[in-house]
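To keep things clear, I will list the structure first and then write my remarks on it.
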Amino acid sequence: MIRPGTPVEALDTPSLIIDLDRVEANLRSGAEIAAASGVALRPHTKTHKSPYFAQRQLAHGAAGITVAKVTEAEVMADAGLTDIFIANTLFGQAKAERAAALAARVRLAVGVDHIEQARALSGAMAGAARPLDVMIEVDTGSRRGGISPADAPALAQEVHALPGLSVRGIYTYEGYTYEAADREELAAVQRAAQDVMVRLGDGLRELLGIDPVVSVGSTPGLLSGAGYRKGITEIRPGTYIFLDAAQAALAGGVEACAAHVLATVVSRPGPDRAVLDTGSKSLTSDTRSSGICRTAGYGLLPDFGLTIARVSEEHGVIEGEGVERLRIGEKVRVLPNHICPVVNLFDEVIGVRGGVVELVLPVAARGRLK
Ligand SMILES: Cc1ncc(COP(=O)(O)O)c(C=O)c1O
């Protein structure tokens with residue numbers, strides 16, 4: 001058992017360490033950016049998968065939370081979170097029934113980008129006391145899920161007419177902001193996505209007689225400095241709470257990152273090679289090869305300016321110049337390239353303040369993938 005008061009250096013490795021003061025600073029700055037643009041903040045909790053951090057986000061003024069899966073929503077609802085948006089499309093009767101059960105106990109919205117998803121949800125809502133809110137997912141360029149802007153109004157109209165459902169608004173995920181070449185391009189693509197969404201929102205107001213929520217996501221968008229235009233009502237950044245090697249440059253440097261994997265140099269097989277006890281099973285093998293969030297290697301050692309050149313499941317290999325500074329047995333900080341899937345690999349995160357353990361938190365929604 002890890003006791004509060006334990007110094008970070010005394011922890012066994014690999015461990016996922018969260019600097020709680022840095023979390024508070026990141027939450028404060030996210031909330032300030034949202035407030036400056038007059039948009040509601042509905043953070044995506046898939047980054048931390050923990051009701052504790054969701055509550056901290058509410059304490060910093062978040063209007064509600066976002067999740068990716070109905071099972072994540074259940075974990076959050078069980079822990080007392082009452083306003084949840086599943087920013088993902090659910091398909092089929094089993095999922096629809098779970099969503100309907102959840103809608104009876106929390107304020108819930110669910111993503112839809114196809115009428116078949118909506119029909120299943122409508123069926124599951126038969127006899128419900130109040131309708132389930134639906135957010136129409138719009139593709140503004142990610143080419144993942146999402147209906148085209150041209151087809152969105154007709155889908156919204158059809159969904160709104162189904163019994164048991166009510167369209168609350170529209171959302172998009174501008175994941176392609178990660179690929180912008182520089183801050184100017186980032187601001188431009190973000191602005192273009194917002195223009196599309198605001199135009200659609202205005203159309204829905206006319207078409208359905210609602211005051212639609214117009215929701216956008218992405219941490220690069222939040223950190224771009226470009227803000228949000230009038231007509232955007234809600235934002236859903238997720239990664240901003242912890243940040244990672246990919247976002248560090250945008251966030252003003254590696255010290256803005258609140259999460260790192262503590263690892264041990266377990267071998268120095270040669271003068272130009274060091275081996276860490278952290279590999280793809282604790283860091284993932286995610287990389288970003290281009291754009292403003294480009295990364296090098298498989299994780300960054302900020303205290304040494306080194307990167308992990310190769311990972312296998314339990315090994316991270318560092319090679320070349322600078323390796324001579326790594327002593328066997330030494331514990332090092334590693335910033336993952338992409339923090340969200342890393343959190344999902346750990347049973348618990350260790351919250352520290354001033355280099356000392358304050359609390360150990362289970363990653364409550366870890367593995368909740370359904
Ligand atoms: C639908 C949706 N909304 C919001 C986010 C949060 O974006 P970010 O991780 O850039 O903060 C994501 C991230 O994957 C997402 O898929």
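Residue names in the structure tokens use chain letters A, B, ... in the order shown, residue numbers from 1 in each chain, and ligand numbers from 1 in the order shown.
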
What are the DSSP alpha helix (DSSP H) residues of stretch 54-296 of chain A, as a ChimeraX atom specification? /A:54-59,70-78,93-103,115-124,152-160,183-208,219-223,248-251,280-283

Distance filter 10 Å around ligand 1, atoms: only C-alpha atoms and all ligand atoms, out as a VMD selection string: chain A and resid 42 to 47 66 to 68 85 to 89 111 137 144 to 146 171 to 178 215 to 223 235 to 243 247 338 to 340

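The space between atom CA of A:Asp182 and atom CA of A:Ala226 spans 12.7 Å.
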
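Between atom CA of A:Pro302 and atom CA of A:Asp347 lies a distance of 24.5 Å.
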
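Atom CA of A:Glu234 is positioned 29.3 Å from atom CA of A:Leu335.
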
Contacts of A:Val317 at 12 Å (only C-alpha atoms; same-chain gap of 3+ positions) as a ChimeraX atom specification: /A:263-270,272-280,297-301,306-314,320,323,326
